[in-house]
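Please read the structure below before turning to the comments.
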Amino acid sequence: MTAPSDAGEALAQALTAEYAAIWAYGPIGVRLSGAERKAAATAEAAHRGRRDALVVQLSNGGGSIPPDRAGYALPFPVTDRASALRLAVQVEERTAAFWRAVLPTSAGAERDRALAALVEYAVRATRWRRSAGISPLTVAFPGRPG
Amino acid sequence: MVFTCPVVMGRTTRRNGTSEISRRAVLGVGALLALGGAAAPLTGCGLLDRDEPPAPDPLAPMIDEALRLAAGLRAAAGTHPDLADRLTPLAEAHEAHAAELARVTGTALPSEPAAPSGAPEADKAATLTALRQAERTGRDAASKACAEAPADRVALLGSITAARASHLEALK
């Protein structure tokens, strides 16, 4: 992830992260059941909501809208519940990082929205870590690269 | 310094001889804090202000707050050793925040360990409730600082806000 140089680029990068997150929740959801599958559907809906808002915002701003892809490479195969939960943690951590990168180029309501996304995804990563039995449940600097 | 001038001028003396800061001056201080680091490049403007101490960094109180949150978690872990595995990583995160805030503000961390704001409750559920309340207050303060921060500090404050919010979740 390279640091975006302006607001349009930061938002475009966040949009590509949201595309990938939505795609990843497909294979995640099918490996989960019950409350966890429901939580995955809720998470996916949140990423769809942010994707839609970004598309509108970038269109209104006259910026270029990066296209969605047919598929995204997963960091590891998702074959069971454990790997699905691990991927869900990574998806939330990764999208949180892209929204964190929006903060320096934003102000006012746009900054509030970026912070809300960073906070929401960090909290959701914590919930997925709990489901996965990962300890500790939190990281010191959510969204910070490295 | 432009923004501190009204503060000094606003100092009034009451008839009974006690000095107080006028309401207008207090509002001036609030405005100064609200402007945060954005005001920093505008300071040092006047020859007449040479005797003024430098304005405290708006993030300085956040260092104390982070250390207080850490101290509260460590005290609770001492009272309830079975919670230590959960609480210690959260305390370490607050200490890492304090160290990073000290670095960006160019301040030294206090050598004395911070005192927690209150003794941990004997009851475990009450302890967790109190810790959650402290994290909630800390999250809201960090969120406010994030909204007002200059570009070079906002990402750190965003991470601190998100960390405190995730602590709330971890303390459930």
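FYI, nothing fancy with the structure tokens labels: chains A, B, ... in order, residues from 1 per chain, ligands from 1 as they appear.
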
Taking only C-alpha atoms into account, produce a table as CSV in which each residue of chain B with an atom at most 6 Å from an atom of chain A appears once, together with its shortest atom pair and the distance in Å to one decimal, ordered by chain and rising number.
residue,atom,partner,partner_atom,distance
B:Ala93,CA,A:Ala140,CA,4.5
B:Ala151,CA,A:Pro104,CA,4.3
B:Val154,CA,A:Pro104,CA,6.0
B:Ala155,CA,A:Arg100,CA,5.9
B:Ser159,CA,A:Phe141,CA,5.0
B:Ala162,CA,A:Val119,CA,4.3
B:Ser166,CA,A:Val123,CA,4.6

Keeping only N, CA and C atoms, write those residues as a PDB file, in the first residue's frame.
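Generated output (result-v4.pdb):
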ATOM      1  N   ALA B  93      -0.965  -1.375  24.858  1.00  0.00           N
ATOM      2  CA  ALA B  93      -1.351  -0.528  23.722  1.00  0.00           C
ATOM      3  C   ALA B  93      -1.406   0.940  24.148  1.00  0.00           C
ATOM      4  N   ALA B 151      -2.829  17.429   9.375  1.00  0.00           N
ATOM      5  CA  ALA B 151      -2.666  16.222   8.556  1.00  0.00           C
ATOM      6  C   ALA B 151      -1.569  15.291   9.067  1.00  0.00           C
ATOM      7  N   VAL B 154      -3.122  13.235  12.174  1.00  0.00           N
ATOM      8  CA  VAL B 154      -4.486  12.695  12.179  1.00  0.00           C
ATOM      9  C   VAL B 154      -4.505  11.163  12.098  1.00  0.00           C
ATOM     10  N   ALA B 155      -3.554  10.568  11.381  1.00  0.00           N
ATOM     11  CA  ALA B 155      -3.569   9.105  11.241  1.00  0.00           C
ATOM     12  C   ALA B 155      -3.267   8.438  12.586  1.00  0.00           C
ATOM     13  N   SER B 159      -5.794   5.973  14.656  1.00  0.00           N
ATOM     14  CA  SER B 159      -5.456   4.639  15.181  1.00  0.00           C
ATOM     15  C   SER B 159      -5.738   4.557  16.681  1.00  0.00           C
ATOM     16  N   ALA B 162      -9.448   4.198  17.145  1.00  0.00           N
ATOM     17  CA  ALA B 162      -9.886   2.842  16.776  1.00  0.00           C
ATOM     18  C   ALA B 162      -9.422   1.819  17.812  1.00  0.00           C
ATOM     19  N   SER B 166     -11.795  -0.581  19.992  1.00  0.00           N
ATOM     20  CA  SER B 166     -11.669  -2.048  19.980  1.00  0.00           C
ATOM     21  C   SER B 166     -11.414  -2.573  21.395  1.00  0.00           C
TER      22      SER B 166
END

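The shell of residues at most 9 Å from stretch 105-115 of chain B, with only C-alpha atoms counted and near chain neighbours (fewer than 5 positions) removed, consists of Asp57, Pro58, Leu59, Ala60, Ile63, Asp64, Leu67, Arg68, Leu69, Ala70, Ala71, Gly72, Ala98, Ala99 and Glu100 of chain B.
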
Report task. Please return as a ChimeraX atom specification: the residues of stretch 34-154 of chain B that backbone DSSP assigns to helix (DSSP H, G or I). Result -> /B:34-42,47-49,60-79,81-105,124-148,151-154

Report task. Tell me which of A:Gly34, A:Asp80, A:Ile28, A:Thr95 sits closest to A:Leu15, counting only C-alpha atoms. Result -> A:Thr95

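Atom to atom, atom CA of B:Leu90 and atom CA of B:Ala66 stand 10.7 Å apart.
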
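Between atom CA of B:Pro61 and atom CA of B:Ala141 the separation is 10.2 Å.
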
Query raised in the report: Excluding same-chain residues fewer than 3 positions from A:Val30, what lies within 12 Å of it counting only C-alpha atoms, as a ChimeraX atom specification?
Result: /A:24-27,33-34,36-38,40-41,78-81,83-85

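Rounded to one decimal, atom CA of A:Ala21 and atom CA of A:Arg86 lie 13.3 Å from each other.
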
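For the choices A:Ala53, A:Ala20, A:Val89, A:Ala43, the atom-to-atom distance to A:Gly71 is smallest for A:Ala20 when using only C-alpha atoms.
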
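Distances here use only C-alpha atoms; by that measure, the residue among A:Ala39, A:Leu58, A:Ile65, A:Ala45 closest to A:Trp128 is A:Ala39.
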